file final-v2.cif (mmCIF, C-alpha atoms)
data_coords
#
loop_
_atom_site.group_PDB
_atom_site.id
_atom_site.type_symbol
_atom_site.label_atom_id
_atom_site.label_comp_id
_atom_site.auth_asym_id
_atom_site.auth_seq_id
_atom_site.Cartn_x
_atom_site.Cartn_y
_atom_site.Cartn_z
ATOM 1 C CA MET A 20 77.141 -113.024 -116.276
ATOM 2 C CA GLU A 21 74.120 -114.251 -118.148
ATOM 3 C CA ARG A 22 72.302 -112.294 -120.836
ATOM 4 C CA GLU A 23 69.373 -112.760 -123.119
ATOM 5 C CA GLN A 24 69.866 -112.825 -126.883
ATOM 6 C CA THR A 25 69.000 -109.113 -127.061
ATOM 7 C CA GLY A 26 72.517 -108.410 -125.752
ATOM 8 C CA ARG A 27 71.250 -105.621 -123.489
ATOM 9 C CA ARG A 28 73.022 -104.959 -120.228
ATOM 10 C CA VAL A 29 71.932 -106.719 -117.067
ATOM 11 C CA PRO A 30 70.903 -104.589 -114.039
ATOM 12 C CA ALA A 31 74.360 -104.765 -112.432
ATOM 13 C CA ALA A 32 75.794 -102.726 -115.289
ATOM 14 C CA GLU A 33 75.271 -99.186 -114.035
ATOM 15 C CA GLY A 34 76.719 -99.702 -110.560
ATOM 16 C CA ALA A 35 79.504 -102.024 -111.715
ATOM 17 C CA ALA A 36 80.655 -99.548 -114.370
ATOM 18 C CA ARG A 37 81.136 -96.909 -111.668
ATOM 19 C CA LEU A 38 83.287 -99.319 -109.639
ATOM 20 C CA LEU A 39 85.440 -100.083 -112.680
ATOM 21 C CA GLN A 40 85.969 -96.354 -113.136
ATOM 22 C CA VAL A 41 87.054 -95.922 -109.492
ATOM 23 C CA ALA A 42 89.466 -98.871 -109.715
ATOM 24 C CA LEU A 43 91.071 -97.865 -113.009
ATOM 25 C CA GLN A 44 91.579 -94.259 -111.898
ATOM 26 C CA ALA A 45 93.327 -95.461 -108.728
ATOM 27 C CA VAL A 46 95.520 -97.913 -110.670
ATOM 28 C CA MET A 47 96.646 -95.227 -113.107
ATOM 29 C CA GLN A 48 97.494 -92.825 -110.292
ATOM 30 C CA GLY A 49 99.709 -95.510 -108.744
ATOM 31 C CA GLU A 50 101.385 -96.181 -112.081
ATOM 32 C CA LEU A 51 102.018 -92.463 -112.559
ATOM 33 C CA ASP A 52 103.603 -92.179 -109.087
ATOM 34 C CA THR A 53 106.031 -94.912 -110.125
ATOM 35 C CA ALA A 54 106.820 -93.307 -113.490
ATOM 36 C CA LEU A 55 107.550 -89.923 -111.911
ATOM 37 C CA GLY A 56 109.255 -91.280 -108.807
ATOM 38 C CA TYR A 57 107.203 -89.215 -106.372
ATOM 39 C CA ASP A 58 103.644 -88.894 -105.172
ATOM 40 C CA ARG A 59 101.150 -86.087 -105.793
ATOM 41 C CA SER A 60 102.396 -83.903 -102.915
ATOM 42 C CA GLN A 61 106.026 -83.895 -104.099
ATOM 43 C CA ARG A 62 108.118 -82.525 -106.991
ATOM 44 C CA ARG A 63 111.416 -83.689 -108.404
ATOM 45 C CA PHE A 64 114.049 -82.657 -110.927
ATOM 46 C CA GLY A 65 115.082 -84.960 -113.728
ATOM 47 C CA GLU A 66 118.663 -85.563 -114.722
ATOM 48 C CA THR A 67 118.511 -82.588 -117.096
ATOM 49 C CA GLY A 68 117.416 -80.309 -114.271
ATOM 50 C CA GLU A 69 113.972 -79.883 -115.794
ATOM 51 C CA LYS A 70 110.910 -80.520 -113.678
ATOM 52 C CA ASN A 71 108.574 -83.304 -114.683
ATOM 53 C CA PHE A 72 105.196 -83.269 -113.048
ATOM 54 C CA ARG A 73 101.534 -84.077 -113.504
ATOM 55 C CA ASN A 74 99.974 -82.262 -116.403
ATOM 56 C CA GLY A 75 96.231 -82.818 -116.400
ATOM 57 C CA TYR A 76 94.255 -85.637 -117.997
ATOM 58 C CA SER A 77 93.157 -87.031 -121.333
ATOM 59 C CA ALA A 78 89.595 -88.280 -121.739
ATOM 60 C CA ARG A 79 89.036 -91.870 -122.819
ATOM 61 C CA THR A 80 85.933 -94.057 -122.840
ATOM 62 C CA LEU A 81 86.299 -97.820 -122.487
ATOM 63 C CA ARG A 82 83.877 -100.423 -123.726
ATOM 64 C CA THR A 83 83.149 -103.062 -121.096
ATOM 65 C CA THR A 84 80.627 -105.794 -120.455
ATOM 66 C CA PHE A 85 78.918 -103.358 -118.089
ATOM 67 C CA GLY A 86 78.707 -100.570 -120.663
ATOM 68 C CA PRO A 87 80.899 -97.515 -121.339
ATOM 69 C CA VAL A 88 83.330 -96.403 -118.632
ATOM 70 C CA PRO A 89 84.603 -92.805 -118.926
ATOM 71 C CA LEU A 90 88.194 -92.303 -117.756
ATOM 72 C CA ALA A 91 90.508 -89.372 -117.139
ATOM 73 C CA VAL A 92 93.945 -90.733 -118.078
ATOM 74 C CA PRO A 93 96.641 -88.794 -116.159
ATOM 75 C CA ARG A 94 99.467 -87.122 -118.090
ATOM 76 C CA ASP A 95 102.910 -85.821 -117.180
ATOM 77 C CA ARG A 96 104.657 -82.875 -118.807
ATOM 78 C CA GLY A 97 107.634 -84.979 -119.942
ATOM 79 C CA GLY A 98 105.471 -87.592 -121.627
ATOM 80 C CA VAL A 99 107.076 -90.375 -119.573
ATOM 81 C CA TYR A 100 103.874 -92.055 -118.459
ATOM 82 C CA THR A 101 101.587 -94.317 -120.455
ATOM 83 C CA PRO A 102 99.148 -96.656 -118.669
ATOM 84 C CA HIS A 103 100.322 -100.213 -118.109
ATOM 85 C CA ILE A 104 96.871 -101.438 -117.108
ATOM 86 C CA LEU A 105 95.579 -100.518 -120.588
ATOM 87 C CA ASN A 106 97.228 -100.465 -123.984
ATOM 88 C CA ARG A 107 98.062 -96.974 -125.217
ATOM 89 C CA TYR A 108 95.066 -96.698 -127.505
ATOM 90 C CA ALA A 109 92.867 -99.390 -125.922
ATOM 91 C CA ARG A 110 89.157 -98.730 -126.007
ATOM 92 C CA ASP A 111 88.024 -102.214 -124.962
ATOM 93 C CA ALA A 112 88.594 -103.520 -121.419
ATOM 94 C CA ARG A 113 86.532 -106.683 -121.636
ATOM 95 C CA GLY A 114 88.364 -109.477 -119.827
ATOM 96 C CA LEU A 115 89.732 -107.111 -117.187
ATOM 97 C CA GLU A 116 86.401 -106.190 -115.607
ATOM 98 C CA GLU A 117 86.002 -109.125 -113.240
ATOM 99 C CA LYS A 118 89.531 -108.706 -111.894
ATOM 100 C CA LEU A 119 88.835 -105.057 -111.108
ATOM 101 C CA LEU A 120 85.370 -105.727 -109.734
ATOM 102 C CA PHE A 121 86.593 -108.460 -107.396
ATOM 103 C CA LEU A 122 88.980 -105.975 -105.764
ATOM 104 C CA PHE A 123 85.882 -104.614 -104.016
ATOM 105 C CA ALA A 124 84.967 -107.976 -102.459
ATOM 106 C CA GLN A 125 84.489 -107.824 -98.689
ATOM 107 C CA ASP A 126 86.926 -109.140 -96.094
ATOM 108 C CA ALA A 127 90.017 -109.229 -98.302
ATOM 109 C CA ASP A 128 93.159 -108.952 -96.166
ATOM 110 C CA THR A 129 96.201 -106.976 -97.300
ATOM 111 C CA GLU A 130 98.102 -110.008 -98.596
ATOM 112 C CA THR A 131 95.115 -111.244 -100.592
ATOM 113 C CA PHE A 132 94.559 -107.755 -101.940
ATOM 114 C CA MET A 133 98.167 -107.553 -103.178
ATOM 115 C CA GLU A 134 97.718 -110.869 -104.968
ATOM 116 C CA GLN A 135 94.673 -109.448 -106.711
ATOM 117 C CA VAL A 136 96.629 -106.359 -107.734
ATOM 118 C CA ARG A 137 99.367 -108.548 -109.235
ATOM 119 C CA ALA A 138 96.725 -110.535 -111.126
ATOM 120 C CA LEU A 139 95.521 -107.392 -112.906
ATOM 121 C CA TYR A 140 98.525 -107.576 -115.239
ATOM 122 C CA ASP A 141 99.304 -110.190 -117.860
ATOM 123 C CA THR A 142 103.029 -109.640 -117.358
ATOM 124 C CA PRO A 143 104.748 -109.249 -113.960
ATOM 125 C CA GLN A 144 105.143 -105.678 -112.740
ATOM 126 C CA ALA A 145 107.806 -104.345 -110.406
ATOM 127 C CA GLU A 146 106.932 -104.654 -106.725
ATOM 128 C CA GLU A 147 107.536 -100.933 -106.265
ATOM 129 C CA GLU A 148 104.860 -100.149 -108.835
ATOM 130 C CA LEU A 149 102.436 -102.627 -107.275
ATOM 131 C CA ARG A 150 102.937 -100.983 -103.875
ATOM 132 C CA HIS A 151 102.195 -97.550 -105.348
ATOM 133 C CA ILE A 152 99.068 -98.931 -107.012
ATOM 134 C CA ALA A 153 97.888 -100.614 -103.813
ATOM 135 C CA ALA A 154 98.473 -97.357 -101.917
ATOM 136 C CA HIS A 155 95.829 -95.727 -104.124
ATOM 137 C CA LEU A 156 93.547 -98.719 -104.600
ATOM 138 C CA LEU A 157 93.227 -100.016 -101.066
ATOM 139 C CA PRO A 158 91.884 -96.752 -99.537
ATOM 140 C CA ALA A 159 89.403 -96.443 -102.417
ATOM 141 C CA VAL A 160 88.201 -100.009 -101.899
ATOM 142 C CA ARG A 161 87.973 -99.659 -98.119
ATOM 143 C CA ALA A 162 86.073 -96.372 -98.421
ATOM 144 C CA TRP A 163 83.576 -98.020 -100.758
ATOM 145 C CA GLN A 164 83.145 -101.050 -98.490
ATOM 146 C CA MET A 165 82.540 -98.876 -95.411
ATOM 147 C CA ARG A 166 80.450 -96.127 -97.004
ATOM 148 C CA ARG A 167 77.114 -95.195 -95.474
ATOM 149 C CA LEU A 168 74.138 -96.508 -97.428
ATOM 150 C CA GLU A 169 70.725 -94.976 -97.937
ATOM 151 C CA SER A 170 68.170 -96.011 -95.325
ATOM 152 C CA GLU A 171 65.721 -97.158 -97.975
ATOM 153 C CA TYR A 172 66.205 -98.985 -101.251
ATOM 154 C CA PRO A 173 62.836 -99.836 -102.803
ATOM 155 C CA PHE A 174 64.391 -102.883 -104.375
ATOM 156 C CA ILE A 175 67.443 -105.080 -103.665
ATOM 157 C CA ALA A 176 68.508 -107.940 -105.937
ATOM 158 C CA LEU A 177 71.193 -110.596 -106.056
ATOM 159 C CA GLU A 178 73.403 -111.247 -109.044
ATOM 160 C CA THR A 179 76.307 -113.633 -109.559
ATOM 161 C CA VAL A 180 79.433 -112.743 -111.525
ATOM 162 C CA ARG A 181 81.836 -115.479 -112.610
ATOM 163 C CA GLU A 182 85.347 -114.692 -113.762
ATOM 164 C CA GLN A 183 86.048 -115.863 -117.297
ATOM 165 C CA SER A 184 89.491 -117.299 -116.625
ATOM 166 C CA ILE A 185 91.267 -120.406 -115.418
ATOM 167 C CA ARG A 186 90.774 -119.260 -111.811
ATOM 168 C CA GLY A 187 87.017 -119.058 -112.348
ATOM 169 C CA ARG A 188 86.299 -117.110 -109.162
ATOM 170 C CA THR A 189 82.709 -116.272 -108.263
ATOM 171 C CA ALA A 190 81.367 -113.123 -106.603
ATOM 172 C CA GLN A 191 77.906 -112.360 -105.271
ATOM 173 C CA LEU A 192 76.670 -108.812 -105.886
ATOM 174 C CA LEU A 193 73.873 -107.150 -103.952
ATOM 175 C CA LEU A 194 72.265 -104.491 -106.143
ATOM 176 C CA GLY A 195 70.086 -101.660 -104.877
ATOM 177 C CA GLU A 196 67.729 -99.368 -106.742
ATOM 178 C CA LEU A 197 67.142 -95.879 -105.359
ATOM 179 C CA PRO A 198 63.766 -94.086 -105.514
ATOM 180 C CA GLY A 199 64.949 -92.072 -108.534
ATOM 181 C CA GLY A 200 65.788 -95.223 -110.468
ATOM 182 C CA ARG A 201 69.577 -95.084 -110.131
ATOM 183 C CA ARG A 202 71.135 -98.452 -109.368
ATOM 184 C CA GLU A 203 74.243 -99.160 -107.373
ATOM 185 C CA VAL A 204 76.239 -102.124 -106.128
ATOM 186 C CA LEU A 205 75.696 -102.259 -102.363
ATOM 187 C CA GLY A 206 78.148 -105.029 -101.588
ATOM 188 C CA ILE A 207 80.341 -107.701 -103.184
ATOM 189 C CA ARG A 208 81.363 -110.931 -101.518
ATOM 190 C CA MET A 209 83.440 -113.839 -102.773
ATOM 191 C CA ASN A 210 82.020 -117.337 -102.381
ATOM 192 C CA ALA A 211 81.378 -120.025 -104.975
ATOM 193 C CA LYS A 212 78.692 -121.684 -102.836
ATOM 194 C CA PRO A 213 77.080 -119.122 -100.506
ATOM 195 C CA SER A 214 75.000 -120.358 -97.589
ATOM 196 C CA TYR A 215 72.498 -119.025 -95.060
ATOM 197 C CA ARG A 216 75.337 -117.896 -92.772
ATOM 198 C CA PHE A 217 77.067 -116.196 -95.713
ATOM 199 C CA TRP A 218 73.944 -114.165 -96.494
ATOM 200 C CA ILE A 219 73.219 -113.352 -92.847
ATOM 201 C CA GLU A 220 76.632 -111.682 -92.682
ATOM 202 C CA ALA A 221 76.121 -109.888 -96.006
ATOM 203 C CA LEU A 222 72.670 -108.536 -95.115
ATOM 204 C CA ALA A 223 73.761 -107.630 -91.586
ATOM 205 C CA ASP A 224 76.512 -105.529 -93.161
ATOM 206 C CA LEU A 225 73.885 -103.635 -95.205
ATOM 207 C CA ARG A 226 71.889 -102.915 -92.048
ATOM 208 C CA ALA A 227 74.991 -101.815 -90.140
ATOM 209 C CA ARG A 228 75.763 -99.306 -92.906
ATOM 210 C CA GLY A 229 72.294 -97.789 -92.783
ATOM 211 C CA ALA A 230 69.986 -99.789 -95.066
ATOM 212 C CA THR A 231 67.350 -100.382 -92.392
ATOM 213 C CA GLN A 232 64.007 -100.057 -94.206
ATOM 214 C CA PRO A 233 62.607 -103.385 -95.452
ATOM 215 C CA PRO A 234 62.730 -103.339 -99.260
ATOM 216 C CA LEU A 235 61.367 -105.641 -101.921
ATOM 217 C CA PHE A 236 63.937 -108.414 -102.379
ATOM 218 C CA CYS A 237 64.604 -110.532 -105.422
ATOM 219 C CA VAL A 238 65.632 -113.863 -103.965
ATOM 220 C CA GLY A 239 66.568 -115.516 -107.258
ATOM 221 C CA GLY A 240 68.344 -118.836 -106.843
ATOM 222 C CA GLY A 241 70.778 -117.871 -104.082
ATOM 223 C CA ALA A 242 71.127 -120.690 -101.574
ATOM 224 C CA GLY A 243 70.044 -119.492 -98.110
ATOM 225 C CA PHE A 244 69.243 -115.992 -99.371
ATOM 226 C CA ARG A 245 65.475 -116.231 -98.804
ATOM 227 C CA GLN A 246 65.913 -117.490 -95.232
ATOM 228 C CA ALA A 247 68.464 -114.774 -94.433
ATOM 229 C CA VAL A 248 66.116 -112.075 -95.758
ATOM 230 C CA ARG A 249 63.257 -113.377 -93.599
ATOM 231 C CA THR A 250 65.543 -113.403 -90.547
ATOM 232 C CA LEU A 251 66.935 -109.865 -90.848
ATOM 233 C CA PHE A 252 64.147 -108.145 -92.807
ATOM 234 C CA PRO A 253 60.997 -110.012 -91.706
ATOM 235 C CA ALA A 254 58.696 -107.290 -93.071
ATOM 236 C CA ALA A 255 60.320 -107.298 -96.525
ATOM 237 C CA GLN A 256 58.477 -108.597 -99.568
ATOM 238 C CA LEU A 257 60.057 -111.379 -101.587
ATOM 239 C CA ARG A 258 59.941 -111.832 -105.345
ATOM 240 C CA ARG A 259 61.745 -114.427 -107.389
ATOM 241 C CA SER A 260 62.206 -112.362 -110.564
ATOM 242 C CA PHE A 261 63.406 -108.759 -110.336
ATOM 243 C CA ALA A 262 62.714 -107.795 -113.977
ATOM 244 C CA PRO A 263 59.208 -106.346 -113.349
ATOM 245 C CA ALA A 264 60.372 -104.330 -110.352
ATOM 246 C CA LEU A 265 63.261 -102.834 -112.279
ATOM 247 C CA GLY A 266 61.210 -102.245 -115.395
ATOM 248 C CA ALA A 267 63.706 -104.233 -117.499
ATOM 249 C CA PRO A 268 62.019 -107.364 -118.861
ATOM 250 C CA GLU A 269 65.047 -108.132 -120.987
ATOM 251 C CA ALA A 270 67.315 -108.451 -117.942
ATOM 252 C CA VAL A 271 67.970 -111.732 -116.222
ATOM 253 C CA ALA A 272 69.927 -112.555 -113.084
ATOM 254 C CA ALA A 273 72.556 -115.235 -113.054
ATOM 255 C CA LYS A 274 71.636 -118.116 -110.798
ATOM 256 C CA ALA A 275 73.854 -118.488 -107.780
#

call {"tool": "encode", "arguments": {"input": "final-v2.cif", "output": "structure tokens"}}
result
Amino acid sequence: MEREQTGRRVPAAEGAARLLQVALQAVMQGELDTALGYDRSQRRFGETGEKNFRNGYSARTLRTTFGPVPLAVPRDRGGVYTPHILNRYARDARGLEEKLLFLFAQDADTETFMEQVRALYDTPQAEEELRHIAAHLLPAVRAWQMRRLESEYPFIALETVREQSIRGRTAQLLLGELPGGRREVLGIRMNAKPSYRFWIEALADLRARGATQPPLFCVGGGAGFRQAVRTLFPAAQLRRSFAPALGAPEAVAAKA
């Protein structure tokens, strides 16, 4: 994701940080299920006959490209569990963000989703643990993808995120700003070279989930994005640069 020399966060930061929080919390719950050998609704006895069960949370704040991400790291009474997704005392998750963010990409089937879960870890994890993690992650991702949107976003912008790895995957983010100034990621789709048809489907999804009022769009450099906006939101205004609308002149959008 591109930045100016000021190093300030780009507009995707606020919404993307919330998604990272959702993903990491779900991953850690799946890891804890594996460590304890049972899910949240169950209890078990260890070999010594002593119960081991969930025992609250420890607060931790991670530094990421998208800004700070507050976490509640789950604990167990026996001290068996430590997160695998993060080092014990890790406070920096840069390098993991794109992998987590891309979990929320639209139209990922179950097999593809499991591959993405495996790719979260530098070393192979047991399939049982990955299944527990997916059992928490997949409902969270699906709920986010299908959530009802606000009817009106005064401003919607496009931003491109490229994974900094050998795979080099690319995701297109649609960002919305609410009347109060809060920003959120409305949708994420995977495509290195999006087209008019790609954006028709993406914008139609926004309308189907409730975003029906024509906003001000930043069209940026997304191929086919301007034409798709004019097709589905003919009354919307178009602007090439979203910095003035967002009141953040230091922010720049990555070109698609």

call {"tool": "resolve_selection", "arguments": {"input": "final-v2.cif", "expression": "the PyMOL selection byres ((chain A and resi 115) around 10)", "output": "JSON, numbers by chain"}}
result
{"A": [39, 83, 84, 104, 105, 111, 112, 113, 114, 116, 117, 118, 119, 120, 138, 139, 140, 182, 183]}

call {"tool": "residues_around", "arguments": {"input": "final-v2.cif", "residues": "Ala190 in chain A", "least_positions_apart": "5", "cutoff": "10 Å", "atoms": "only C-alpha atoms", "output": "PyMOL selection string"}}
result
chain A and resi 117+120-121+123-124+178-182+207-213+275

call {"tool": "write_last_selection", "arguments": {"input": "final-v2.cif", "atoms": "C-alpha atoms", "output": "mmCIF file, in the frame of the given file"}}
result
data_model
loop_
_atom_site.group_PDB
_atom_site.id
_atom_site.type_symbol
_atom_site.label_atom_id
_atom_site.label_comp_id
_atom_site.auth_asym_id
_atom_site.auth_seq_id
_atom_site.Cartn_x
_atom_site.Cartn_y
_atom_site.Cartn_z
ATOM 1 C CA GLU A 117 86.002 -109.125 -113.240
ATOM 2 C CA LEU A 120 85.370 -105.727 -109.734
ATOM 3 C CA PHE A 121 86.593 -108.460 -107.396
ATOM 4 C CA PHE A 123 85.882 -104.614 -104.016
ATOM 5 C CA ALA A 124 84.967 -107.976 -102.459
ATOM 6 C CA GLU A 178 73.403 -111.247 -109.044
ATOM 7 C CA THR A 179 76.307 -113.633 -109.559
ATOM 8 C CA VAL A 180 79.433 -112.743 -111.525
ATOM 9 C CA ARG A 181 81.836 -115.479 -112.610
ATOM 10 C CA GLU A 182 85.347 -114.692 -113.762
ATOM 11 C CA ILE A 207 80.341 -107.701 -103.184
ATOM 12 C CA ARG A 208 81.363 -110.931 -101.518
ATOM 13 C CA MET A 209 83.440 -113.839 -102.773
ATOM 14 C CA ASN A 210 82.020 -117.337 -102.381
ATOM 15 C CA ALA A 211 81.378 -120.025 -104.975
ATOM 16 C CA LYS A 212 78.692 -121.684 -102.836
ATOM 17 C CA PRO A 213 77.080 -119.122 -100.506
ATOM 18 C CA ALA A 275 73.854 -118.488 -107.780
#

call {"tool": "residues_around", "arguments": {"input": "final-v2.cif", "residues": "Gln48 in chain A", "least_positions_apart": "3", "cutoff": "8 Å", "atoms": "only C-alpha atoms", "output": "mmCIF file with C-alpha atoms, in the frame of the given file"}}
result
data_model
loop_
_atom_site.group_PDB
_atom_site.id
_atom_site.type_symbol
_atom_site.label_atom_id
_atom_site.label_comp_id
_atom_site.auth_asym_id
_atom_site.auth_seq_id
_atom_site.Cartn_x
_atom_site.Cartn_y
_atom_site.Cartn_z
ATOM 1 C CA GLN A 44 91.579 -94.259 -111.898
ATOM 2 C CA ALA A 45 93.327 -95.461 -108.728
ATOM 3 C CA LEU A 51 102.018 -92.463 -112.559
ATOM 4 C CA ASP A 52 103.603 -92.179 -109.087
ATOM 5 C CA PRO A 93 96.641 -88.794 -116.159
ATOM 6 C CA ILE A 152 99.068 -98.931 -107.012
ATOM 7 C CA HIS A 155 95.829 -95.727 -104.124
#

call {"tool": "closest_residue", "arguments": {"input": "final-v2.cif", "among": "A:Met133, A:Ala54, A:Val238, A:Leu90", "to": "Ala36 in chain A", "atoms": "all atoms listed in the file"}}
result
A:Leu90

call {"tool": "resolve_selection", "arguments": {"input": "final-v2.cif", "expression": "the PyMOL selection byres ((chain A and resi 248-255) around 7)", "output": "MDAnalysis selection string"}}
result
chainID A and resid 233:236 244:247 256:257

call {"tool": "residues_around", "arguments": {"input": "final-v2.cif", "residues": "Leu225 in chain A", "least_positions_apart": "3", "cutoff": "8 Å", "atoms": "only C-alpha atoms", "output": "MDAnalysis selection string"}}
result
chainID A and resid 168 205:206 221:222 228:231

call {"tool": "closest_residue", "arguments": {"input": "final-v2.cif", "among": "A:Ala242, A:Ala91, A:Leu43, A:Ala153", "to": "Arg137 in chain A", "atoms": "all atoms listed in the file"}}
result
A:Ala153

call {"tool": "residues_around", "arguments": {"input": "final-v2.cif", "residues": "Leu55 in chain A", "least_positions_apart": "5", "cutoff": "8 Å", "atoms": "all atoms listed in the file", "output": "NGL selection string"}}
result
:A and (71-72 or 99-100)

call {"tool": "atom_distance", "arguments": {"input": "final-v2.cif", "atom1": "CA of Tyr172 in chain A", "atom2": "CA of Leu197 in chain A"}}
result
5.2 Å

call {"tool": "closest_residue", "arguments": {"input": "final-v2.cif", "among": "A:Glu203, A:Glu50, A:Asp95, A:Glu169", "to": "Leu149 in chain A", "atoms": "all atoms listed in the file"}}
result
A:Glu50
